[in-house]
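Below: one structure, written as C-alpha cells.
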2 protein chains.
Amino acid sequence: MTRESQATNKIVLIIEYDGTRYLGFQLQADVATVQGEMETALWKLTGKRTRVIAASRTDAGVHARGQVVSFLTESPLPPRTFVSGLNYYLPGDIAVRAAHRVDSSFNVRSDAIRREYSYFILNRRVRSPLKKGFVHHVSNRLDTEAMNEACRALVGEHDFSSFATGMETEIRRPVRTVYRAQVEKHGELAIFNMVANSFLRHQVRNTVGALIRVGLGRMKVAQFCDIIKAKQPGLAGPTAPACGLCLMHVDYEVPFGSEDENV
Amino acid sequence: MTRESQATNKIVLIIEYDGTRYLGFQLQADVATVQGEMETALWKLTGKRTRVIAASRTDAGVHARGQVVSFLTESPLPPRTFVSGLNYYLPGDIAVRAAHRVDSSFNVRSDAIRREYSYFILNRRVRSPLKKGFVHHVSNRLDTEAMNEACRALVGEHDFSSFATGMETEIRRPVRTVYRAQVEKHGELAIFNMVANSFLRHQVRNTVGALIRVGLGRMKVAQFCDIIKAKQPGLAGPTAPACGLCLMHVDYEVPFGSEDENV
C-alpha cells in the first residue's frame with residue numbers, strides 16, 4: 001500500500017439544506033447546486049478539490065433535513081472539525097449536522113436501504129407567509145381519510161412506472177418497495193410521509209399530485225389503485241411543486257456510530 | 001346622521017407576516033413596514049387612503065401569526081372579499097387570514113385583553129437552514145427545567161421595569177399582568193410562550209435573554225427573581241434577536257364571530 005492510499009479517509013456528512021435557490025443537488029455548470037457549494041466549502045477547508053456523492057439526488061427547489069453525502073480526503077481533520085469547518089464556509093442555506101469516518105468500502109448510494117421523504121401541504125383557505133417556500137398550499141379542504149385509503153395501496157413491492165414522469169416512456173427498473181405511505185394532519189398542515197428502498201425520479205411529487213386529486217374528491221380511491229396497476233409513465237400526477245418536498249432521512253444497515261447530531 | 005357616516009364600516013383583519021424585511025409594523029417614511037404594505041393594498045382595493053391600526057406594534061424583524069388590525073372604510077365590500085382582495089395585492093410575506101365587520105366603538109388596541117407571543121429557540125449544535133430567520137440559535141444545551149422555574153416568578157401582576165430596554169429610564173405604567181410564561185421542548189426547539197394583558201417594549205425579548213442565561217447556568221433562578229424585584233430598566237436581557245419572536249394571538253372579550261380562519 002502506498003503512503004497516499006493509507007492516508008485517504010472516507011467521510012460521510014449528514015446535511016440539511018433549504019433547496020429554494022439551488023437547481024438541485026447535482027453539480028451543473030454555471031448554476032448554484034448543493035453539490036457545488038459542498039465541494040467549494042471542502043476545497044476552502046482542505047485546500048484540495050474533492051468529489052461529493054449524495055445518497056439521494058434531490059431536484060431543484062427540494063429541501064433536505066437528513067441528506068447523506070460522502071467524499072474522500074487526505075485531510076487528517078477529525079470528523080467534528082469537518083462539521084464546524086464546513087459550516088464556517090457554507091452559505092446560510094446549507095449546514096452540516098454531523099460527520100463520521102467510514103470504511104473505504106462504504107457506498108453512500110448503494111448501501112442505503114431506506115429513504116424517507118416528507119411532503120408538506122398547507123391546507124387552509126389562505127397562503128401562509130411564515131411557511132412560504134416550504135409548503136404546497138391547497139386551499140380546498142382535503143379528505144385525508146380518503147388519501148390514507150389510497151396510501152395503503154402504495155405499500156409493498158410494486159412496479160411504480162405510473163409515478164415516473166411522462167417523458168420517461170421506458171423505465172429500466174421501475175420496481176420499488178414502499179415501507180410506509182401515510183398522511184398525517186397537524187393542524188393546518190397535512191404531511192405526507194413516504195419510506196421506500198429507493199424512489200423513481202419525481203415519484204413522491206407525482207404520488208402527492210394524485211393523492212391531492214383523491215383528497216379533493218376529483219378521483220376515487222379505486223381509480224388511484226388503477227393508476228398503480230396501469231404501469232404507464234405520466235399517469236399519476238400532476239407533479240406537486242418542489243417546495244413542499246423534503247428528504248428527511250436515509251437509513252443504512254449499520255448506523256454511523258454514536259456522535260450525537262443534536263446538542 | 002349624515003349619509004357618509006352611515007356608510008362607514010369598521011373592519012378588523014387577522015393577519016400573518018414574515019417580518020424579516022420590514023422595519024416593524026408601524027409606518028415610517030421611506031422604509032418597508034407592515035402598516036405601509038397594508039395601507040397600500042387597501043388603497044389599491046378600495047381606491048381610498050385608509051389608516052390601519054394594530055393591536056400590538058411589532059418591532060423590526062418580528063413575525064406575526066395572528067396580528068389584529070382595524071380600519072374604517074366606506075367600501076361596501078363584504079369581509080370575505082377583503083380577505084381575497086387584499087391577499088391579491090399584498091406581497092407574499094403578508095397575508096390576511098380573516099376579516100370581520102365590527103361595531104364602530106370597537107378599539108383594536110384598548111379592547112384587547114390578552115396578547116400571546118412565542119419565542120422560538122433552536123437548541124442544537126449547528127444552525128438550521130430550514131428554520132433560518134424564524135429561530136434564535138443557541139448551540140449549548142439549555143436547562144429548560146431551570147428556565148421554567150424562573151418563568152413561574154413572572155406569572156401574576158408585577159412591575160416589569162427591569163424588562164424594559166435600558167434607554168427607557170422611566171416607564172410611566174410598568175405594571176403588567178402575566179397569565180402564562182412557559183418553555184416547552186419540541187425536539188430541537190425550545191418554545192417560550194408568554195401571555196399577558198399587554199407588554200412593555202422589548203419585554204419578551206429581554207425576558208428570553210435573561211431566561212437563556214438561566215438555561216445556560218450563567219444565572220441562578222434566585223438572581224432572575226432579584227431582577228424582577230429590582231425594577232430597573234436594562235437589568236434583564238440581553239435583548240434576544242427579533243427573528244425568534246412571533247405574535248401568536250390577540251384576545252378580546254367578545255370573539256369576532258364565526259367566520260372560520262382555516263379551511
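Identifiers for the C-alpha cells are assigned positionally: chains receive A, B, ... in sequence, residues are indexed from 1 per chain, and ligands are indexed from 1 in the order shown.
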Considering only C-alpha atoms, return as a PyMOL selection string whatever protein or nucleic-acid residues lie within 7 Å of range 64-71 of chain B, sequence-local ones (same chain, fewer than 6 positions apart) excluded. chain B and resi 10-18+50-55+108+246-250
Range 66-193 of chain B: residues DSSP assigns to strand (DSSP E), reported as a CSV table (one decimal) with N, CA and C atoms, in the first residue's frame:
```csv
chain,number,residue,atom,x,y,z
B,66,GLY,N,-51.0,35.9,14.2
B,66,GLY,CA,-52.3,36.4,14.5
B,66,GLY,C,-52.4,37.8,15.0
B,67,GLN,N,-51.7,38.7,14.2
B,67,GLN,CA,-51.8,40.2,14.5
B,67,GLN,C,-53.3,40.6,14.2
B,68,VAL,N,-53.8,41.5,14.9
B,68,VAL,CA,-55.2,42.0,14.6
B,68,VAL,C,-55.1,43.5,14.3
B,69,VAL,N,-55.6,43.9,13.1
B,69,VAL,CA,-55.6,45.3,12.7
B,69,VAL,C,-57.0,45.8,12.4
B,70,SER,N,-57.3,47.1,12.5
B,70,SER,CA,-58.6,47.6,12.1
B,70,SER,C,-58.4,48.8,11.2
B,71,PHE,N,-59.5,49.1,10.5
B,71,PHE,CA,-59.5,50.3,9.6
B,71,PHE,C,-61.0,50.7,9.4
B,72,LEU,N,-61.2,51.9,9.0
B,72,LEU,CA,-62.5,52.4,8.6
B,72,LEU,C,-62.6,52.5,7.1
B,73,THR,N,-63.7,52.1,6.6
B,73,THR,CA,-63.9,52.2,5.1
B,73,THR,C,-65.3,52.5,4.7
B,94,ILE,N,-46.9,38.9,3.6
B,94,ILE,CA,-48.0,39.3,4.4
B,94,ILE,C,-49.3,38.7,3.8
B,95,ALA,N,-50.1,38.2,4.7
B,95,ALA,CA,-51.4,37.6,4.3
B,95,ALA,C,-52.5,37.9,5.3
B,96,VAL,N,-53.7,38.1,4.8
B,96,VAL,CA,-54.9,38.3,5.6
B,96,VAL,C,-55.5,36.9,5.8
B,97,ARG,N,-55.7,36.6,7.1
B,97,ARG,CA,-56.3,35.2,7.4
B,97,ARG,C,-57.8,35.3,7.5
B,98,ALA,N,-58.3,36.4,8.0
B,98,ALA,CA,-59.8,36.5,8.2
B,98,ALA,C,-60.1,38.0,8.3
B,99,ALA,N,-61.4,38.3,8.0
B,99,ALA,CA,-61.9,39.7,8.2
B,99,ALA,C,-63.3,39.7,8.8
B,100,HIS,N,-63.5,40.7,9.6
B,100,HIS,CA,-64.8,40.7,10.3
B,100,HIS,C,-65.3,42.2,10.4
B,101,ARG,N,-66.6,42.4,10.2
B,101,ARG,CA,-67.1,43.8,10.4
B,101,ARG,C,-67.4,43.9,11.9
B,102,VAL,N,-67.0,45.0,12.5
B,102,VAL,CA,-67.2,45.2,14.0
B,102,VAL,C,-67.9,46.5,14.2
B,112,ALA,N,-58.3,45.0,23.5
B,112,ALA,CA,-57.5,43.7,23.6
B,112,ALA,C,-57.3,43.4,25.0
B,113,ILE,N,-57.6,42.2,25.4
B,113,ILE,CA,-57.5,41.8,26.8
B,113,ILE,C,-56.2,40.9,27.1
B,114,ARG,N,-55.8,40.2,26.1
B,114,ARG,CA,-54.6,39.4,26.2
B,114,ARG,C,-53.8,39.3,24.9
B,115,ARG,N,-52.5,39.4,25.0
B,115,ARG,CA,-51.6,39.2,23.8
B,115,ARG,C,-50.8,38.0,24.1
B,116,GLU,N,-50.6,37.1,23.1
B,116,GLU,CA,-49.8,35.9,23.2
B,116,GLU,C,-48.6,36.0,22.3
B,117,TYR,N,-47.4,35.9,22.8
B,117,TYR,CA,-46.2,35.8,22.0
B,117,TYR,C,-45.5,34.5,22.2
B,118,SER,N,-44.9,34.0,21.1
B,118,SER,CA,-44.0,32.8,21.3
B,118,SER,C,-42.6,33.2,20.8
B,119,TYR,N,-41.6,32.7,21.5
B,119,TYR,CA,-40.2,32.9,21.1
B,119,TYR,C,-39.6,31.6,20.8
B,120,PHE,N,-39.1,31.4,19.6
B,120,PHE,CA,-38.6,30.1,19.1
B,120,PHE,C,-37.0,30.0,19.2
B,121,ILE,N,-36.6,29.1,20.0
B,121,ILE,CA,-35.1,28.9,20.2
B,121,ILE,C,-34.7,27.5,19.6
B,122,LEU,N,-33.8,27.6,18.7
B,122,LEU,CA,-33.3,26.3,18.1
B,122,LEU,C,-32.1,25.9,19.0
B,136,HIS,N,-34.0,31.6,17.0
B,136,HIS,CA,-32.7,32.1,17.6
B,136,HIS,C,-31.9,30.8,17.9
B,137,HIS,N,-30.7,30.7,17.4
B,137,HIS,CA,-29.9,29.5,17.5
B,137,HIS,C,-29.0,29.6,18.8
B,156,GLY,N,-48.4,36.6,37.1
B,156,GLY,CA,-49.1,37.5,38.1
B,156,GLY,C,-48.9,38.9,37.7
B,157,GLU,N,-49.4,39.8,38.6
B,157,GLU,CA,-49.2,41.2,38.4
B,157,GLU,C,-47.9,41.7,39.0
B,158,HIS,N,-47.1,42.3,38.2
B,158,HIS,CA,-45.8,42.8,38.6
B,158,HIS,C,-45.4,44.1,37.9
B,159,ASP,N,-44.5,44.8,38.6
B,159,ASP,CA,-43.8,45.9,37.9
B,159,ASP,C,-42.7,45.3,37.1
B,175,VAL,N,-46.5,48.3,35.2
B,175,VAL,CA,-47.2,47.1,35.8
B,175,VAL,C,-48.0,46.3,34.7
B,176,ARG,N,-47.7,45.1,34.6
B,176,ARG,CA,-48.4,44.2,33.7
B,176,ARG,C,-48.9,42.9,34.4
B,177,THR,N,-49.9,42.3,33.8
B,177,THR,CA,-50.4,41.0,34.4
B,177,THR,C,-50.0,39.9,33.4
B,178,VAL,N,-49.1,39.0,33.9
B,178,VAL,CA,-48.7,37.9,33.0
B,178,VAL,C,-49.6,36.7,33.4
B,179,TYR,N,-50.3,36.1,32.4
B,179,TYR,CA,-51.2,35.0,32.6
B,179,TYR,C,-50.5,33.6,32.4
B,180,ARG,N,-49.5,33.7,31.5
B,180,ARG,CA,-48.7,32.4,31.3
B,180,ARG,C,-47.3,32.8,30.9
B,181,ALA,N,-46.3,32.0,31.3
B,181,ALA,CA,-44.9,32.1,30.9
B,181,ALA,C,-44.4,30.7,31.1
B,182,GLN,N,-44.0,30.1,30.0
B,182,GLN,CA,-43.6,28.7,30.0
B,182,GLN,C,-42.7,28.4,28.8
B,183,VAL,N,-41.8,27.4,29.1
B,183,VAL,CA,-40.9,26.9,28.0
B,183,VAL,C,-41.3,25.5,27.7
B,184,GLU,N,-41.5,25.2,26.4
B,184,GLU,CA,-41.8,23.8,26.1
B,184,GLU,C,-40.8,23.3,25.1
B,185,LYS,N,-40.3,22.1,25.3
B,185,LYS,CA,-39.4,21.4,24.4
B,185,LYS,C,-40.2,20.7,23.3
B,186,HIS,N,-39.8,21.0,22.1
B,186,HIS,CA,-40.4,20.2,20.9
B,186,HIS,C,-39.2,19.7,20.1
B,189,LEU,N,-36.4,22.2,19.3
B,189,LEU,CA,-36.9,23.6,19.6
B,189,LEU,C,-37.3,23.7,21.0
B,190,ALA,N,-36.9,24.9,21.6
B,190,ALA,CA,-37.4,25.3,22.9
B,190,ALA,C,-38.3,26.5,22.7
B,191,ILE,N,-39.6,26.4,22.9
B,191,ILE,CA,-40.5,27.4,22.6
B,191,ILE,C,-41.0,28.1,23.9
B,192,PHE,N,-40.7,29.4,24.0
B,192,PHE,CA,-41.1,30.2,25.2
B,192,PHE,C,-42.4,30.9,24.8
B,193,ASN,N,-43.4,30.6,25.6
B,193,ASN,CA,-44.7,31.2,25.3
B,193,ASN,C,-45.1,32.1,26.5
```
Would you mind listing, as an mmCIF file with C-alpha atoms, in the first residue's frame, all residues of chain A that have at least one atom within 6 Å of chain B, where only C-alpha atoms are what counts?
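As a result, out19.cif now contains:
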```cif
data_model
loop_
_atom_site.group_PDB
_atom_site.id
_atom_site.type_symbol
_atom_site.label_atom_id
_atom_site.label_comp_id
_atom_site.auth_asym_id
_atom_site.auth_seq_id
_atom_site.Cartn_x
_atom_site.Cartn_y
_atom_site.Cartn_z
ATOM 1 C CA TYR A 17 -30.498 22.498 3.251
ATOM 2 C CA ASP A 18 -33.102 24.953 2.078
ATOM 3 C CA ASP A 93 -28.978 27.747 3.474
ATOM 4 C CA ILE A 94 -26.756 24.646 3.822
ATOM 5 C CA ARG A 124 -56.211 26.241 4.766
ATOM 6 C CA ARG A 125 -58.058 28.954 2.950
ATOM 7 C CA PRO A 129 -46.189 33.944 4.736
ATOM 8 C CA LEU A 130 -44.498 32.092 7.617
ATOM 9 C CA ARG A 141 -60.346 21.025 2.297
ATOM 10 C CA ASN A 262 -28.187 17.378 18.250
ATOM 11 C CA VAL A 263 -26.947 19.167 21.346
#
```
List the neighbours of Ser75 in chain B out to 12 Å using only C-alpha atoms; skip same-chain residues closer than 4 positions along the sequence, and give me the result as a JSON list (two decimals) with N, CA and C atoms, in the first residue's frame.
```
[["chain", "number", "residue", "atom", "x", "y", "z"],
["B", 4, "GLU", "N", -72.70, 59.92, 4.82],
["B", 4, "GLU", "CA", -71.33, 59.39, 4.84],
["B", 4, "GLU", "C", -71.07, 58.54, 6.09],
["B", 6, "GLN", "N", -73.12, 57.03, 7.97],
["B", 6, "GLN", "CA", -73.91, 55.79, 7.92],
["B", 6, "GLN", "C", -73.18, 54.71, 7.12],
["B", 7, "ALA", "N", -72.50, 55.15, 6.06],
["B", 7, "ALA", "CA", -71.89, 54.18, 5.14],
["B", 7, "ALA", "C", -70.51, 53.73, 5.60],
["B", 8, "THR", "N", -70.00, 54.29, 6.70],
["B", 8, "THR", "CA", -68.66, 53.93, 7.12],
["B", 8, "THR", "C", -68.67, 52.65, 7.97],
["B", 9, "ASN", "N", -67.86, 51.68, 7.56],
["B", 9, "ASN", "CA", -67.76, 50.42, 8.29],
["B", 9, "ASN", "C", -66.41, 50.32, 8.97],
["B", 10, "LYS", "N", -66.39, 49.67, 10.12],
["B", 10, "LYS", "CA", -65.11, 49.32, 10.74],
["B", 10, "LYS", "C", -64.87, 47.83, 10.52],
["B", 11, "ILE", "N", -63.69, 47.54, 9.98],
["B", 11, "ILE", "CA", -63.34, 46.15, 9.65],
["B", 11, "ILE", "C", -62.10, 45.76, 10.46],
["B", 42, "LEU", "N", -54.89, 48.28, 0.72],
["B", 42, "LEU", "CA", -56.25, 48.78, 0.91],
["B", 42, "LEU", "C", -56.58, 49.89, -0.09],
["B", 43, "TRP", "N", -55.60, 50.73, -0.35],
["B", 43, "TRP", "CA", -55.78, 51.81, -1.31],
["B", 43, "TRP", "C", -56.04, 51.24, -2.72],
["B", 45, "LEU", "N", -57.26, 48.31, -3.37],
["B", 45, "LEU", "CA", -58.53, 47.58, -3.39],
["B", 45, "LEU", "C", -59.74, 48.51, -3.37],
["B", 46, "THR", "N", -59.66, 49.58, -2.54],
["B", 46, "THR", "CA", -60.85, 50.42, -2.35],
["B", 46, "THR", "C", -60.76, 51.75, -3.07],
["B", 47, "GLY", "N", -59.55, 52.13, -3.52],
["B", 47, "GLY", "CA", -59.39, 53.42, -4.17],
["B", 47, "GLY", "C", -59.28, 54.59, -3.20],
["B", 48, "LYS", "N", -59.28, 54.28, -1.90],
["B", 48, "LYS", "CA", -59.20, 55.35, -0.88],
["B", 48, "LYS", "C", -58.03, 55.09, 0.07],
["B", 49, "ARG", "N", -57.41, 56.19, 0.53],
["B", 49, "ARG", "CA", -56.36, 56.10, 1.56],
["B", 49, "ARG", "C", -57.01, 55.82, 2.90],
["B", 50, "THR", "N", -56.50, 54.85, 3.62],
["B", 50, "THR", "CA", -57.09, 54.45, 4.90],
["B", 50, "THR", "C", -55.99, 54.21, 5.91],
["B", 71, "PHE", "N", -59.50, 49.10, 10.46],
["B", 71, "PHE", "CA", -59.54, 50.32, 9.63],
["B", 71, "PHE", "C", -60.99, 50.68, 9.36],
["B", 79, "PRO", "N", -66.79, 41.29, 4.21],
["B", 79, "PRO", "CA", -65.50, 40.93, 4.81],
["B", 79, "PRO", "C", -64.71, 39.89, 4.03],
["B", 81, "THR", "N", -64.48, 39.36, 0.98],
["B", 81, "THR", "CA", -63.86, 39.94, -0.22],
["B", 81, "THR", "C", -62.63, 40.76, 0.17],
["B", 82, "PHE", "N", -62.64, 41.31, 1.39],
["B", 82, "PHE", "CA", -61.41, 41.97, 1.88],
["B", 82, "PHE", "C", -60.29, 40.94, 2.01],
["B", 101, "ARG", "N", -66.60, 42.43, 10.23],
["B", 101, "ARG", "CA", -67.14, 43.76, 10.44],
["B", 101, "ARG", "C", -67.41, 43.89, 11.94]]
```
Residues of range 12-240 of chain A in alpha helix (DSSP H), written as a PDB file with C-alpha atoms, in the first residue's frame:
```
ATOM      1  CA  VAL A  34     -25.851  21.901  -3.332  1.00  0.00           C
ATOM      2  CA  GLN A  35     -23.032  19.660  -4.576  1.00  0.00           C
ATOM      3  CA  GLY A  36     -21.241  22.716  -5.956  1.00  0.00           C
ATOM      4  CA  GLU A  37     -21.463  24.542  -2.620  1.00  0.00           C
ATOM      5  CA  MET A  38     -20.306  21.448  -0.703  1.00  0.00           C
ATOM      6  CA  GLU A  39     -17.298  20.932  -2.971  1.00  0.00           C
ATOM      7  CA  THR A  40     -16.355  24.623  -2.760  1.00  0.00           C
ATOM      8  CA  ALA A  41     -16.539  24.575   1.055  1.00  0.00           C
ATOM      9  CA  LEU A  42     -14.422  21.374   1.174  1.00  0.00           C
ATOM     10  CA  TRP A  43     -11.882  22.949  -1.133  1.00  0.00           C
ATOM     11  CA  LYS A  44     -11.652  26.020   1.124  1.00  0.00           C
ATOM     12  CA  LEU A  45     -11.300  23.842   4.230  1.00  0.00           C
ATOM     13  CA  THR A  46      -8.828  21.226   2.944  1.00  0.00           C
ATOM     14  CA  PRO A  79     -14.941  14.411  11.824  1.00  0.00           C
ATOM     15  CA  ARG A  80     -16.183  17.068  14.273  1.00  0.00           C
ATOM     16  CA  THR A  81     -13.812  19.606  12.732  1.00  0.00           C
ATOM     17  CA  PHE A  82     -15.391  18.900   9.346  1.00  0.00           C
ATOM     18  CA  VAL A  83     -18.724  19.898  10.925  1.00  0.00           C
ATOM     19  CA  SER A  84     -17.550  23.247  12.310  1.00  0.00           C
ATOM     20  CA  GLY A  85     -15.113  23.970   9.465  1.00  0.00           C
ATOM     21  CA  LEU A  86     -17.592  23.321   6.663  1.00  0.00           C
ATOM     22  CA  ASN A  87     -20.366  25.235   8.461  1.00  0.00           C
ATOM     23  CA  TYR A  88     -17.984  28.184   8.591  1.00  0.00           C
ATOM     24  CA  TYR A  89     -17.545  28.177   4.798  1.00  0.00           C
ATOM     25  CA  THR A 144     -57.118  12.901   4.468  1.00  0.00           C
ATOM     26  CA  GLU A 145     -59.015   9.712   5.274  1.00  0.00           C
ATOM     27  CA  ALA A 146     -59.572   9.044   1.570  1.00  0.00           C
ATOM     28  CA  MET A 147     -55.917   9.951   0.917  1.00  0.00           C
ATOM     29  CA  ASN A 148     -54.793   7.422   3.531  1.00  0.00           C
ATOM     30  CA  GLU A 149     -57.015   4.765   1.995  1.00  0.00           C
ATOM     31  CA  ALA A 150     -55.206   5.369  -1.331  1.00  0.00           C
ATOM     32  CA  CYS A 151     -51.843   5.344   0.505  1.00  0.00           C
ATOM     33  CA  ARG A 152     -52.424   1.776   1.681  1.00  0.00           C
ATOM     34  CA  GLN A 203     -42.110   9.629  -7.628  1.00  0.00           C
ATOM     35  CA  VAL A 204     -43.037  11.373  -4.381  1.00  0.00           C
ATOM     36  CA  ARG A 205     -44.273  14.542  -6.111  1.00  0.00           C
ATOM     37  CA  ASN A 206     -46.343  12.566  -8.650  1.00  0.00           C
ATOM     38  CA  THR A 207     -47.774  10.485  -5.798  1.00  0.00           C
ATOM     39  CA  VAL A 208     -48.714  13.678  -3.944  1.00  0.00           C
ATOM     40  CA  GLY A 209     -50.328  15.121  -7.093  1.00  0.00           C
ATOM     41  CA  ALA A 210     -52.539  12.039  -7.415  1.00  0.00           C
ATOM     42  CA  LEU A 211     -53.273  11.926  -3.664  1.00  0.00           C
ATOM     43  CA  ILE A 212     -54.421  15.567  -3.718  1.00  0.00           C
ATOM     44  CA  ARG A 213     -56.864  14.676  -6.510  1.00  0.00           C
ATOM     45  CA  VAL A 214     -58.189  11.926  -4.211  1.00  0.00           C
ATOM     46  CA  GLY A 215     -58.305  14.330  -1.243  1.00  0.00           C
ATOM     47  CA  VAL A 221     -59.531   5.576  -4.424  1.00  0.00           C
ATOM     48  CA  ALA A 222     -60.305   2.774  -6.895  1.00  0.00           C
ATOM     49  CA  GLN A 223     -59.015   4.976  -9.746  1.00  0.00           C
ATOM     50  CA  PHE A 224     -55.833   5.636  -7.760  1.00  0.00           C
ATOM     51  CA  CYS A 225     -55.357   1.864  -7.474  1.00  0.00           C
ATOM     52  CA  ASP A 226     -55.945   1.513 -11.238  1.00  0.00           C
ATOM     53  CA  ILE A 227     -53.156   4.038 -11.864  1.00  0.00           C
ATOM     54  CA  ILE A 228     -50.713   1.829  -9.943  1.00  0.00           C
ATOM     55  CA  LYS A 229     -51.796  -1.227 -11.942  1.00  0.00           C
ATOM     56  CA  ALA A 230     -51.547   0.552 -15.330  1.00  0.00           C
TER      57      ALA A 230
END
```
